[in-house]
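Asker: Got a file for you: input28.txt, compact mmCIF, C-alpha atoms (C1' of nucleotides).
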```txt
# COMPACT_ATOMS: atom_id res chain seq x y z
CA MET A 85 -6.94 2.96 16.00
CA LYS A 86 -4.22 1.26 18.01
CA LYS A 87 -0.48 1.36 17.51
CA ILE A 88 0.87 -1.66 15.72
CA SER A 89 4.37 -2.93 16.36
CA PRO A 90 7.10 -3.29 13.71
CA ASN A 91 7.07 -7.03 14.27
CA THR A 92 3.40 -7.21 13.49
CA ILE A 93 3.87 -5.02 10.45
CA ASN A 94 6.49 -7.39 9.09
CA ARG A 95 4.22 -10.37 9.58
CA VAL A 96 1.24 -8.67 8.00
CA LEU A 97 3.37 -7.81 4.99
CA LEU A 98 4.17 -11.50 4.68
CA TYR A 99 0.47 -12.35 4.81
CA LEU A 100 -0.24 -9.79 2.12
CA ARG A 101 2.35 -11.30 -0.14
CA VAL A 102 0.81 -14.74 0.29
CA LEU A 103 -2.66 -13.36 -0.32
CA GLU A 104 -1.59 -11.73 -3.54
CA ASP A 105 -0.14 -15.01 -4.79
CA LEU A 106 -3.31 -16.86 -3.82
CA ILE A 107 -5.54 -14.35 -5.56
CA LYS A 108 -3.39 -14.60 -8.64
CA ASP A 109 -4.00 -18.36 -8.52
CA LYS A 110 -7.73 -17.75 -8.24
CA ARG A 111 -7.98 -19.10 -4.72
CA TYR A 112 -10.63 -17.17 -2.84
CA LEU A 113 -10.56 -18.86 0.55
CA VAL A 114 -7.70 -19.42 2.96
CA SER A 115 -7.39 -20.52 6.58
CA SER A 116 -4.93 -19.34 9.16
CA GLY A 117 -3.40 -22.82 8.96
CA ASP A 118 -2.75 -22.36 5.24
CA ILE A 119 -1.09 -19.01 5.76
CA SER A 120 0.95 -20.57 8.53
CA ARG A 121 2.29 -23.17 6.14
CA PHE A 122 3.25 -20.51 3.60
CA THR A 123 4.89 -18.12 6.03
CA GLY A 124 6.15 -20.14 8.96
CA VAL A 125 4.18 -17.94 11.37
CA SER A 126 2.03 -19.91 13.81
CA ASP A 127 -1.68 -20.06 13.05
CA VAL A 128 -2.67 -18.60 16.43
CA GLN A 129 -0.35 -15.68 15.88
CA ILE A 130 -1.91 -15.10 12.49
CA ARG A 131 -5.43 -15.09 13.89
CA LYS A 132 -4.37 -12.71 16.66
CA ASP A 133 -2.79 -10.35 14.19
CA ILE A 134 -5.78 -10.38 11.89
CA SER A 135 -8.38 -10.13 14.62
CA SER A 136 -6.79 -6.93 15.86
CA PHE A 137 -8.10 -5.34 12.67
CA GLY A 138 -11.67 -6.53 13.18
CA LYS A 139 -13.71 -9.66 12.56
CA VAL A 140 -13.09 -10.56 8.98
CA GLY A 141 -13.04 -14.36 8.89
CA THR A 142 -15.90 -16.81 9.09
CA PRO A 143 -15.67 -19.88 11.33
CA ARG A 144 -15.56 -23.23 9.59
CA ILE A 145 -14.76 -21.44 6.30
CA GLY A 146 -11.70 -19.28 6.80
CA TYR A 147 -10.87 -15.91 5.32
CA ARG A 148 -11.90 -14.61 1.94
CA THR A 149 -8.61 -13.74 0.30
CA ILE A 150 -9.74 -10.60 -1.47
CA GLU A 151 -11.51 -9.17 1.55
CA LEU A 152 -8.63 -10.01 3.88
CA LYS A 153 -6.12 -8.43 1.56
CA LYS A 154 -8.16 -5.26 1.46
CA VAL A 155 -8.51 -5.10 5.24
CA LEU A 156 -4.82 -5.66 5.88
CA LYS A 157 -3.79 -3.19 3.23
CA ASP A 158 -6.04 -0.50 4.62
CA PHE A 159 -4.56 -0.80 8.07
CA ILE A 160 -0.99 -1.22 7.02
CA LEU A 161 -0.28 0.59 3.85
CA GLN A 162 -2.14 3.66 2.90
CA CYS A 163 0.68 4.74 0.62
CA ASP A 164 0.35 3.51 -2.95
CA VAL A 165 4.00 3.69 -3.84
CA VAL A 166 7.20 3.97 -1.79
CA ARG A 167 9.72 6.39 -3.23
CA ILE A 168 13.27 5.78 -2.10
CA VAL A 169 16.60 7.41 -2.84
CA LEU A 170 19.99 5.77 -2.73
CA PHE A 171 23.21 7.25 -1.40
CA GLY A 172 26.31 5.50 -2.68
CA VAL A 173 26.49 3.81 -6.05
CA GLY A 174 29.22 1.29 -5.30
CA ASN A 175 28.79 -2.44 -5.63
CA LEU A 176 26.01 -2.68 -3.09
CA GLY A 177 24.28 0.42 -4.41
CA LYS A 178 24.32 -0.87 -7.95
CA ALA A 179 22.90 -4.20 -6.81
CA ILE A 180 20.05 -2.38 -5.10
CA LEU A 181 19.34 -0.32 -8.19
CA LYS A 182 19.03 -3.52 -10.17
CA TYR A 183 17.11 -5.48 -7.54
CA PRO A 184 14.19 -7.07 -9.38
CA GLY A 185 11.92 -7.59 -6.38
CA PHE A 186 10.89 -3.96 -5.97
CA ASN A 187 8.70 -3.30 -8.98
CA LYS A 188 5.81 -5.56 -8.16
CA ASP A 189 5.56 -4.17 -4.66
CA ARG A 190 5.46 -0.61 -5.87
CA ILE A 191 8.81 0.29 -4.41
CA LYS A 192 10.54 2.77 -6.64
CA VAL A 193 14.09 4.07 -6.48
CA VAL A 194 13.60 7.59 -7.76
CA ALA A 195 17.15 8.92 -7.56
CA ALA A 196 20.70 8.05 -6.56
CA PHE A 197 23.54 10.16 -5.22
CA ASP A 198 27.30 9.81 -5.18
CA ARG A 199 30.42 11.89 -4.75
CA LEU A 200 32.53 10.29 -7.45
CA GLY A 201 32.53 12.33 -10.65
CA SER A 202 32.84 9.19 -12.74
CA ARG A 203 29.50 7.94 -11.45
CA ILE A 204 27.56 11.18 -11.64
CA ASN A 205 25.02 11.90 -14.36
CA LYS A 206 25.07 8.28 -15.44
CA LYS A 207 21.82 6.36 -15.55
CA ILE A 208 21.68 2.94 -13.92
CA ASN A 209 18.58 0.93 -14.61
CA SER A 210 17.01 4.24 -15.66
CA VAL A 211 17.78 5.92 -12.32
CA ILE A 212 19.85 9.09 -12.56
CA VAL A 213 22.91 9.48 -10.34
CA TYR A 214 23.18 13.04 -8.99
CA PRO A 215 26.01 14.69 -7.09
CA VAL A 216 25.39 14.60 -3.35
CA GLU A 217 25.10 18.36 -3.17
CA ARG A 218 21.86 18.26 -5.10
CA ALA A 219 20.26 15.80 -2.68
CA PRO A 220 18.02 18.21 -0.72
CA GLU A 221 16.62 19.76 -3.86
CA VAL A 222 16.10 16.50 -5.75
CA ILE A 223 14.61 14.69 -2.76
CA LYS A 224 12.08 17.41 -2.16
CA ARG A 225 11.16 17.63 -5.82
CA LEU A 226 10.65 13.87 -6.17
CA ARG A 227 8.98 13.65 -2.77
CA ALA A 228 10.98 10.65 -1.61
CA ASP A 229 10.03 8.96 1.65
CA ILE A 230 13.00 6.79 2.49
CA GLY A 231 16.75 6.85 1.93
CA ILE A 232 19.31 4.10 1.71
CA ILE A 233 22.84 4.49 3.07
CA ALA A 234 25.20 2.39 0.98
CA VAL A 235 28.33 4.48 1.41
CA PRO A 236 31.56 3.62 3.24
CA LYS A 237 31.51 3.74 7.01
CA LYS A 238 33.30 7.06 7.35
CA SER A 239 30.77 8.90 5.20
CA ALA A 240 27.70 7.38 6.81
CA GLN A 241 26.96 10.02 9.43
CA GLY A 242 27.44 12.86 6.97
CA VAL A 243 25.05 11.29 4.54
CA ALA A 244 22.56 10.68 7.33
CA ASP A 245 22.67 14.37 8.22
CA ILE A 246 21.94 15.33 4.64
CA MET A 247 19.05 12.90 4.59
CA VAL A 248 17.50 14.41 7.69
CA LEU A 249 17.94 17.91 6.31
CA SER A 250 16.29 16.84 3.09
CA GLY A 251 13.21 15.77 4.98
CA LEU A 252 13.43 11.99 4.69
CA ARG A 253 11.56 10.25 7.48
CA GLY A 254 13.05 6.76 7.15
CA ILE A 255 16.56 5.43 6.62
CA VAL A 256 17.86 1.98 5.77
CA ASN A 257 21.47 1.92 6.89
CA PHE A 258 23.72 -0.69 5.31
CA SER A 259 26.87 0.81 6.76
CA PRO A 260 28.47 -1.00 9.68
CA CYS A 261 28.07 1.81 12.17
CA PRO A 262 25.15 3.28 14.04
CA ILE A 263 24.00 6.69 12.87
CA ASN A 264 22.67 9.53 14.91
CA VAL A 265 19.39 11.08 13.86
CA PRO A 266 16.38 12.75 15.50
CA LYS A 267 13.93 10.32 17.06
CA SER A 268 11.33 11.29 14.51
CA VAL A 269 13.36 9.59 11.79
CA MET A 270 13.02 5.79 11.70
CA VAL A 271 16.22 3.86 11.10
CA LYS A 272 16.60 0.25 10.09
CA ASP A 273 20.16 -1.05 10.33
CA ILE A 274 21.20 -3.89 8.09
CA ASP A 275 24.74 -4.80 9.05
CA LEU A 276 25.86 -7.75 7.00
CA THR A 277 28.91 -8.45 9.12
CA ILE A 278 26.87 -8.60 12.31
CA GLU A 279 24.32 -10.85 10.66
CA PHE A 280 26.93 -13.40 9.64
CA LEU A 281 28.78 -13.36 12.93
CA SER A 282 25.53 -13.61 14.84
CA LEU A 283 24.36 -16.57 12.81
CA CYS A 284 27.71 -18.20 13.34
CA CYS A 285 27.38 -17.80 17.12
CA SER A 286 23.86 -19.19 17.12
CA ILE A 287 25.09 -22.28 15.34
CA LYS A 288 27.62 -23.15 17.99
CA ALA A 289 25.00 -23.00 20.72
CA MET B 581 26.63 -22.05 30.75
CA LYS B 582 23.30 -20.37 29.94
CA LYS B 583 21.66 -19.91 26.58
CA ILE B 584 22.11 -16.47 25.14
CA SER B 585 19.52 -14.94 22.85
CA PRO B 586 20.17 -13.77 19.27
CA ASN B 587 19.35 -10.24 20.37
CA THR B 588 22.02 -10.36 23.02
CA ILE B 589 24.49 -11.85 20.58
CA ASN B 590 23.92 -8.98 18.18
CA ARG B 591 24.47 -6.43 20.91
CA VAL B 592 27.60 -8.12 22.18
CA LEU B 593 28.99 -8.13 18.65
CA LEU B 594 28.44 -4.38 18.60
CA TYR B 595 30.30 -4.01 21.88
CA LEU B 596 33.17 -6.06 20.52
CA ARG B 597 33.44 -3.83 17.50
CA VAL B 598 33.61 -0.75 19.71
CA LEU B 599 36.18 -2.39 21.97
CA GLU B 600 38.40 -3.22 19.04
CA ASP B 601 38.30 0.37 17.87
CA LEU B 602 39.10 1.62 21.36
CA ILE B 603 42.00 -0.76 21.77
CA LYS B 604 43.34 0.34 18.41
CA ASP B 605 43.18 3.90 19.75
CA LYS B 606 45.09 2.80 22.84
CA ARG B 607 42.18 3.41 25.18
CA TYR B 608 42.28 0.87 27.98
CA LEU B 609 39.28 1.87 30.07
CA VAL B 610 35.67 2.27 29.09
CA SER B 611 32.39 2.69 30.97
CA SER B 612 28.99 1.33 30.06
CA GLY B 613 27.98 4.92 29.41
CA ASP B 614 30.72 5.27 26.82
CA ILE B 615 29.70 2.10 25.04
CA SER B 616 26.13 3.32 25.13
CA ARG B 617 27.10 6.48 23.30
CA PHE B 618 28.93 4.51 20.62
CA THR B 619 26.25 1.89 20.06
CA GLY B 620 22.93 3.43 20.99
CA VAL B 621 22.25 0.60 23.44
CA SER B 622 21.22 1.78 26.92
CA ASP B 623 23.92 1.63 29.58
CA VAL B 624 21.83 -0.57 31.88
CA GLN B 625 21.27 -3.03 29.09
CA ILE B 626 25.00 -3.11 28.44
CA ARG B 627 25.79 -3.81 32.09
CA LYS B 628 23.15 -6.54 32.18
CA ASP B 629 24.57 -8.17 29.10
CA ILE B 630 28.12 -8.04 30.36
CA SER B 631 27.34 -9.12 33.90
CA SER B 632 25.75 -12.29 32.58
CA PHE B 633 29.25 -13.38 31.65
CA GLY B 634 30.68 -12.72 35.10
CA LYS B 635 32.01 -9.80 37.11
CA VAL B 636 34.53 -8.16 34.90
CA GLY B 637 34.19 -4.43 35.57
CA THR B 638 35.37 -2.41 38.54
CA PRO B 639 33.09 0.18 40.18
CA ARG B 640 34.16 3.80 39.84
CA ILE B 641 36.60 2.77 37.08
CA GLY B 642 34.69 0.92 34.37
CA TYR B 643 35.80 -1.99 32.22
CA ARG B 644 39.29 -2.70 31.04
CA THR B 645 38.89 -2.86 27.26
CA ILE B 646 41.32 -5.69 26.64
CA GLU B 647 39.94 -7.86 29.39
CA LEU B 648 36.34 -7.18 28.42
CA LYS B 649 37.04 -7.97 24.80
CA LYS B 650 38.54 -11.27 25.79
CA VAL B 651 35.62 -12.21 28.04
CA LEU B 652 33.01 -11.36 25.44
CA LYS B 653 34.87 -13.13 22.70
CA ASP B 654 35.25 -16.28 24.73
CA PHE B 655 31.54 -16.49 25.38
CA ILE B 656 30.40 -15.45 21.96
CA LEU B 657 32.81 -16.46 19.33
CA GLN B 658 34.92 -19.50 19.73
CA CYS B 659 35.40 -19.77 15.97
CA ASP B 660 38.38 -17.92 14.62
CA VAL B 661 37.11 -17.47 11.09
CA VAL B 662 33.67 -17.79 9.51
CA ARG B 663 33.70 -19.56 6.17
CA ILE B 664 30.71 -18.79 3.98
CA VAL B 665 29.64 -19.87 0.52
CA LEU B 666 27.48 -17.93 -1.87
CA PHE B 667 24.74 -19.27 -4.11
CA GLY B 668 23.86 -16.97 -6.99
CA VAL B 669 26.36 -14.61 -8.58
CA GLY B 670 23.93 -12.01 -9.91
CA ASN B 671 24.05 -8.35 -8.97
CA LEU B 672 23.49 -8.95 -5.29
CA GLY B 673 25.88 -11.90 -5.21
CA LYS B 674 28.62 -9.91 -6.86
CA ALA B 675 28.13 -7.07 -4.39
CA ILE B 676 28.52 -9.51 -1.53
CA LEU B 677 31.68 -10.96 -3.02
CA LYS B 678 33.13 -7.48 -3.15
CA TYR B 679 31.83 -6.31 0.22
CA PRO B 680 34.80 -4.71 1.96
CA GLY B 681 33.57 -5.07 5.54
CA PHE B 682 34.20 -8.79 5.86
CA ASN B 683 37.95 -9.08 5.91
CA LYS B 684 38.68 -7.39 9.20
CA ASP B 685 36.07 -9.47 10.98
CA ARG B 686 37.50 -12.71 9.71
CA ILE B 687 34.53 -13.50 7.54
CA LYS B 688 35.66 -15.26 4.42
CA VAL B 689 33.67 -16.15 1.34
CA VAL B 690 35.39 -19.38 0.31
CA ALA B 691 33.37 -20.33 -2.77
CA ALA B 692 30.47 -19.28 -4.96
CA PHE B 693 28.01 -21.31 -7.02
CA ASP B 694 25.83 -20.56 -10.01
CA ARG B 695 23.96 -22.34 -12.76
CA LEU B 696 24.84 -20.01 -15.63
CA GLY B 697 27.68 -21.34 -17.76
CA SER B 698 28.88 -17.82 -18.47
CA ARG B 699 29.54 -17.23 -14.79
CA ILE B 700 31.14 -20.55 -13.97
CA ASN B 701 34.88 -20.96 -13.47
CA LYS B 702 35.35 -17.23 -13.33
CA LYS B 703 37.05 -15.69 -10.34
CA ILE B 704 35.42 -12.71 -8.66
CA ASN B 705 37.50 -10.97 -6.07
CA SER B 706 39.60 -14.13 -6.01
CA VAL B 707 36.62 -16.35 -5.20
CA ILE B 708 36.00 -19.18 -7.66
CA VAL B 709 32.49 -19.67 -9.08
CA TYR B 710 31.61 -23.38 -9.32
CA PRO B 711 28.64 -25.07 -10.97
CA VAL B 712 25.91 -25.80 -8.44
CA GLU B 713 26.32 -29.53 -8.87
CA ARG B 714 29.70 -29.41 -7.22
CA ALA B 715 28.36 -27.67 -4.11
CA PRO B 716 28.26 -30.66 -1.72
CA GLU B 717 31.78 -31.69 -2.56
CA VAL B 718 33.28 -28.19 -2.47
CA ILE B 719 31.47 -27.20 0.72
CA LYS B 720 32.68 -30.25 2.55
CA ARG B 721 36.21 -29.83 1.31
CA LEU B 722 36.39 -26.17 2.31
CA ARG B 723 34.51 -26.81 5.56
CA ALA B 724 32.12 -23.91 5.12
CA ASP B 725 29.78 -23.01 8.00
CA ILE B 726 27.19 -20.73 6.45
CA GLY B 727 25.59 -20.28 3.05
CA ILE B 728 24.01 -17.27 1.39
CA ILE B 729 20.98 -17.54 -0.87
CA ALA B 730 21.16 -14.81 -3.49
CA VAL B 731 19.26 -16.58 -6.27
CA PRO B 732 15.86 -15.76 -7.77
CA LYS B 733 12.82 -16.65 -5.72
CA LYS B 734 11.88 -19.74 -7.69
CA SER B 735 15.27 -21.39 -7.15
CA ALA B 736 15.49 -20.57 -3.45
CA GLN B 737 14.03 -23.75 -1.99
CA GLY B 738 16.08 -25.97 -4.28
CA VAL B 739 19.25 -24.20 -3.28
CA ALA B 740 18.30 -24.45 0.38
CA ASP B 741 17.88 -28.21 0.01
CA ILE B 742 21.35 -28.50 -1.49
CA MET B 743 22.75 -26.43 1.35
CA VAL B 744 21.24 -28.70 3.96
CA LEU B 745 22.48 -31.80 2.17
CA SER B 746 25.94 -30.28 2.02
CA GLY B 747 26.00 -29.96 5.77
CA LEU B 748 25.70 -26.21 6.19
CA ARG B 749 24.28 -25.27 9.59
CA GLY B 750 23.35 -21.64 8.89
CA ILE B 751 21.68 -19.86 5.99
CA VAL B 752 21.28 -16.19 5.19
CA ASN B 753 18.33 -15.94 2.84
CA PHE B 754 18.09 -12.85 0.67
CA SER B 755 15.29 -14.25 -1.46
CA PRO B 756 11.80 -12.90 -0.85
CA CYS B 757 10.29 -16.19 0.22
CA PRO B 758 10.54 -18.30 3.34
CA ILE B 759 12.51 -21.51 2.96
CA ASN B 760 11.87 -24.85 4.56
CA VAL B 761 14.76 -26.51 6.37
CA PRO B 762 15.26 -28.79 9.38
CA LYS B 763 15.08 -27.02 12.70
CA SER B 764 18.74 -27.75 13.30
CA VAL B 765 19.66 -25.31 10.54
CA MET B 766 19.53 -21.64 11.53
CA VAL B 767 18.02 -19.28 8.99
CA LYS B 768 18.25 -15.52 8.86
CA ASP B 769 15.91 -13.91 6.35
CA ILE B 770 16.87 -10.57 4.88
CA ASP B 771 14.00 -9.50 2.69
CA LEU B 772 14.72 -6.08 1.27
CA THR B 773 11.20 -5.50 0.05
CA ILE B 774 9.70 -6.24 3.44
CA GLU B 775 12.23 -3.98 5.12
CA PHE B 776 11.32 -1.03 2.95
CA LEU B 777 7.60 -1.54 3.16
CA SER B 778 7.82 -2.04 6.90
CA LEU B 779 9.80 1.14 7.37
CA CYS B 780 7.31 2.97 5.22
CA CYS B 781 4.44 1.77 7.41
CA SER B 782 6.25 2.75 10.59
CA ILE B 783 6.68 6.26 9.25
CA LYS B 784 2.99 6.82 8.76
CA ALA B 785 2.19 5.80 12.30
C1' DT C 237 -16.26 -31.16 12.53
C1' DA C 238 -13.19 -27.36 11.21
C1' DC C 239 -12.54 -23.11 11.59
C1' DT C 240 -12.27 -18.08 13.91
C1' DG C 241 -11.81 -15.09 17.91
C1' DT C 242 -10.33 -14.07 22.64
C1' DG C 243 -9.43 -13.79 27.67
C1' DA C 244 -5.89 -15.64 30.56
C1' DA C 245 -1.55 -17.49 31.43
C1' DA C 246 3.37 -17.87 30.43
C1' DC C 247 7.46 -16.13 28.76
C1' DG C 248 11.30 -13.10 27.69
C1' DG C 249 13.32 -9.03 27.47
C1' DT C 250 13.91 -4.23 29.13
C1' DT C 251 13.82 -0.79 32.58
C1' DC C 252 13.95 0.71 37.39
C1' DA C 253 15.78 1.36 41.79
C1' DC C 254 19.15 0.68 44.64
C1' DA C 255 22.95 -1.87 47.01
C1' DG C 256 27.92 -2.15 46.92
C1' DC C 257 32.25 -0.40 46.00
C1' DC C 258 36.25 2.62 45.26
C1' DG D 869 30.73 11.23 43.36
C1' DG D 870 30.74 7.84 39.81
C1' DC D 871 30.73 3.58 38.46
C1' DT D 872 29.24 -1.68 38.35
C1' DG D 873 26.00 -5.39 39.43
C1' DT D 874 21.37 -7.17 40.44
C1' DG D 875 16.76 -8.35 42.27
C1' DA D 876 12.24 -6.61 41.33
C1' DA D 877 8.90 -4.41 38.58
C1' DC D 878 7.25 -3.66 34.14
C1' DC D 879 5.84 -4.28 29.51
C1' DG D 880 4.89 -6.40 25.20
C1' DT D 881 4.49 -10.60 22.75
C1' DT D 882 3.52 -15.35 22.22
C1' DT D 883 1.17 -19.42 23.58
C1' DC D 884 -2.68 -21.87 25.70
C1' DA D 885 -7.27 -23.19 26.33
C1' DC D 886 -11.56 -22.81 25.05
C1' DA D 887 -15.90 -20.43 23.77
C1' DG D 888 -18.51 -19.50 19.64
C1' DT D 889 -20.17 -20.52 15.06
C1' DA D 890 -21.89 -22.47 10.59
```
Transcribe the structure of this file into C-alpha cells.
Answerer:
Amino acid sequence: MKKISPNTINRVLLYLRVLEDLIKDKRYLVSSGDISRFTGVSDVQIRKDISSFGKVGTPRIGYRTIELKKVLKDFILQCDVVRIVLFGVGNLGKAILKYPGFNKDRIKVVAAFDRLGSRINKKINSVIVYPVERAPEVIKRLRADIGIIAVPKKSAQGVADIMVLSGLRGIVNFSPCPINVPKSVMVKDIDLTIEFLSLCCSIKA
Amino acid sequence: MKKISPNTINRVLLYLRVLEDLIKDKRYLVSSGDISRFTGVSDVQIRKDISSFGKVGTPRIGYRTIELKKVLKDFILQCDVVRIVLFGVGNLGKAILKYPGFNKDRIKVVAAFDRLGSRINKKINSVIVYPVERAPEVIKRLRADIGIIAVPKKSAQGVADIMVLSGLRGIVNFSPCPINVPKSVMVKDIDLTIEFLSLCCSIKA
DNA sequence: TACTGTGAAACGGTTCACAGCC
DNA sequence: GGCTGTGAACCGTTTCACAGTA
C-alpha cells in the first residue's frame, strides 16, 4: 500500500465519474484513450495512475468498466458516504446547501451552523441550522467528517478552532484568509478572489 | 521577462494581499519570515519568488512594503480592474453576484446571463441579467475578460462555446464536467464534488 | 494492429546550504 | 546577529520510448 498524492486522487475521481456514466450507458469496455478524451488527462498519465493499483486492463482490449470502477473505488474511497457540516448560512452557504451535484456522489450535508438568530432553527433544503455553540455536540452525534467555512473573514479562524475541537479532520475554507490548524487536519482553500485574479494574470502572459 | 507559473502567481497574490493589509496598518517594513507567518508559505519560497523579480529587499532589514507591493504588482497585474460575466443565475450564481470579497480587489461582475425568462432583465446586486442570446454583444461592449460557468452540467459546453465566440480569454468552470475550448483560452475548474471527495480520501490516508 | 504496462529520461518546483551584507 | 539572495541538491510528477500481449 503506497501513499497516493492529492493530484492523483483528483484524477482518479474524474475517471470514476466517467466510468459511472459509461456503465450507465451500458458500455463495458473503455481504453485509456477514451478516458483521456472525456477528462482531458493524457492517456499515458491515465495508464500510469491505473497501473499503480495493479494490472487490471487487457492489451488490445482496454479496461472493463465495471472491474476498473471497483478497483479504483477500493483504493480511493472506502467511505460510503461523506458527511459534511456547513458553518455560515449566508449567500454562499445557502448555495452550497442547495447544490444539486452532491446527492449522486453520496455527499451529504448533515447540519449547518450560524450565529444569526434569524437563521437558526430554520431548515434549508431539509438541513437544520443550529447555533454555533451546539457545533461540537451535533458534529459528534452526526459523525461528520468534513466542515465548510463559509463565514466572513474575521470569523474564519474562530470557526476553524471550533471545527478542530469538534473532531473534524478536513476543512474546506472559502474565506479569503489562511487558517491555522494542527497538521493532522487537512485544509483545502478555495479563495474565489485569488482564482479570478490568478486567471486574469495567466491571460496576459 | 520570464514565464511565471500559476502556482507562483497564486502565491504572489497572497503576498500582495498581506502587503496591502500591512500598508493599511502603517507598517513599512516586513521580512520574509513575517509574510510566511501570515500566508503559510515557507520563507525561502517567498524569497525565491520575490527575487525572481529583481533585488528589492535589503539584508538585515527586510522588504519595504510599499516598494515590494509596487514591484509585485507590476510583474503580476498590469490590469487595473478585472471585468467578469456570469452565466447562470441559480443559487450559486446569485451567491457569486453577492460575494462581498470582490470589490476591494477590483473584481467587477459586469453582466449576467440566463435562459429563464423569470430571471431575465432583473437586477441582482445592481448587475443586469440578460438573455443568453445577447451575450456576444454585451460581452464585447463591456469588454469583459473572464466568464463564469454556473449553469447545470448539460448546458456547460454550450455556454463555453458562446464564451469563446464572444472573445473571453478565461473561464472559471463550476460545472462538474470538463469543457472543451481552444488552448488559447485559460480554464480553471472548480468542482465542488471532487474537492470534497478528494479531501475525504486524503483524510483516510 | 491496438492496446496496456513500465523503466528511464526530462522537467519543474521546493528545499537546503551558504555566501553576502548591514 | 539577522536578514536577503542564489546555486546546488532533492523530490515528485509527467513524458518518452518501447517491451509485451492477444
Asker: Please determine the contact residues of chain D with respect to chain B at a cut-off of 8 Å, counting all atoms listed in the file, and supply them as a VMD selection string.
Answerer: chain D and resid 870 to 873
Asker: Keeping only C-alpha atoms (C1' of nucleotides), take the residues you just selected and write them out as a compact mmCIF listing (two decimals), in the frame of the given file.
Answerer:
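Okay, this is what ended up in part.txt:
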```
# COMPACT_ATOMS: atom_id res chain seq x y z
C1' DG D 870 30.74 7.84 39.81
C1' DC D 871 30.73 3.58 38.46
C1' DT D 872 29.24 -1.68 38.35
C1' DG D 873 26.00 -5.39 39.43
```
Asker: Which residues of chain C are close to chain A, meaning at most 7 Å apart when you count all atoms listed in the file, and how do they look as a list in words?
Answerer: DA238, DC239, DT240 and DG241 of chain C
Asker: Report the distance between CA of Ser735 in chain B and CA of Ala715 in chain B in Å, rounded to one decimal place.
Answerer: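 Here the two named atoms are 14.8 Å from each other.
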Asker: Set the cut-off to 8 Å and count all atoms listed in the file: what are the residues of chain A that reach chain B? Output as a tab-separated table (two decimals) with C-alpha atoms, keeping the file's coordinate frame.
Answerer:
```tsv
chain	number	residue	atom	x	y	z
A	87	LYS	CA	-0.48	1.36	17.51
A	90	PRO	CA	7.10	-3.29	13.71
A	93	ILE	CA	3.87	-5.02	10.45
A	94	ASN	CA	6.49	-7.39	9.09
A	97	LEU	CA	3.37	-7.81	4.99
A	98	LEU	CA	4.17	-11.50	4.68
A	122	PHE	CA	3.25	-20.51	3.60
A	123	THR	CA	4.89	-18.12	6.03
A	124	GLY	CA	6.15	-20.14	8.96
A	160	ILE	CA	-0.99	-1.22	7.02
A	161	LEU	CA	-0.28	0.59	3.85
A	166	VAL	CA	7.20	3.97	-1.79
A	175	ASN	CA	28.79	-2.44	-5.63
A	176	LEU	CA	26.01	-2.68	-3.09
A	178	LYS	CA	24.32	-0.87	-7.95
A	179	ALA	CA	22.90	-4.20	-6.81
A	180	ILE	CA	20.05	-2.38	-5.10
A	182	LYS	CA	19.03	-3.52	-10.17
A	183	TYR	CA	17.11	-5.48	-7.54
A	185	GLY	CA	11.92	-7.59	-6.38
A	186	PHE	CA	10.89	-3.96	-5.97
A	189	ASP	CA	5.56	-4.17	-4.66
A	191	ILE	CA	8.81	0.29	-4.41
A	229	ASP	CA	10.03	8.96	1.65
A	230	ILE	CA	13.00	6.79	2.49
A	253	ARG	CA	11.56	10.25	7.48
A	254	GLY	CA	13.05	6.76	7.15
A	256	VAL	CA	17.86	1.98	5.77
A	260	PRO	CA	28.47	-1.00	9.68
A	262	PRO	CA	25.15	3.28	14.04
A	269	VAL	CA	13.36	9.59	11.79
A	270	MET	CA	13.02	5.79	11.70
A	271	VAL	CA	16.22	3.86	11.10
A	272	LYS	CA	16.60	0.25	10.09
A	277	THR	CA	28.91	-8.45	9.12
A	278	ILE	CA	26.87	-8.60	12.31
A	279	GLU	CA	24.32	-10.85	10.66
A	280	PHE	CA	26.93	-13.40	9.64
A	281	LEU	CA	28.78	-13.36	12.93
A	282	SER	CA	25.53	-13.61	14.84
A	283	LEU	CA	24.36	-16.57	12.81
A	284	CYS	CA	27.71	-18.20	13.34
A	285	CYS	CA	27.38	-17.80	17.12
A	286	SER	CA	23.86	-19.19	17.12
A	287	ILE	CA	25.09	-22.28	15.34
A	289	ALA	CA	25.00	-23.00	20.72
```
Asker: As an MDAnalysis selection string, please: the residues near range 243-245 of chain C (cut-off 12 Å, all atoms listed in the file, same-chain neighbours under 2 positions excluded).
Answerer: (chainID C and resid 241 247) or (chainID D and resid 882:887)
Asker: Let me know the centre plus edge lengths, in Å and rounded to one decimal, of a box with edges along x, y and z that contains all listed atoms of range 876-885 of chain D and is padded by 3 Å on every side, as JSON.
Answerer:
```
{"center_x": 2.5, "center_y": -13.4, "center_z": 31.8, "size_x": 25.5, "size_y": 25.5, "size_z": 25.1}
```
Asker: Kindly complete range 673-677 of chain B to N, CA, C and O atoms; the output should be written as a compact mmCIF listing (two decimals), keeping the file's coordinate frame.
Answerer:
```
# COMPACT_ATOMS: atom_id res chain seq x y z
N GLY B 673 24.78 -10.99 -5.51
CA GLY B 673 25.88 -11.90 -5.21
C GLY B 673 27.23 -11.25 -5.44
O GLY B 673 28.13 -11.33 -4.59
N LYS B 674 27.35 -10.58 -6.57
CA LYS B 674 28.62 -9.91 -6.86
C LYS B 674 28.94 -8.86 -5.81
O LYS B 674 30.08 -8.73 -5.37
N ALA B 675 27.91 -8.11 -5.40
CA ALA B 675 28.13 -7.07 -4.39
C ALA B 675 28.63 -7.70 -3.09
O ALA B 675 29.51 -7.15 -2.43
N ILE B 676 28.07 -8.84 -2.74
CA ILE B 676 28.52 -9.51 -1.53
C ILE B 676 29.97 -9.96 -1.65
O ILE B 676 30.77 -9.81 -0.73
N LEU B 677 30.30 -10.50 -2.81
CA LEU B 677 31.68 -10.96 -3.02
C LEU B 677 32.67 -9.82 -2.87
O LEU B 677 33.81 -10.01 -2.48
```
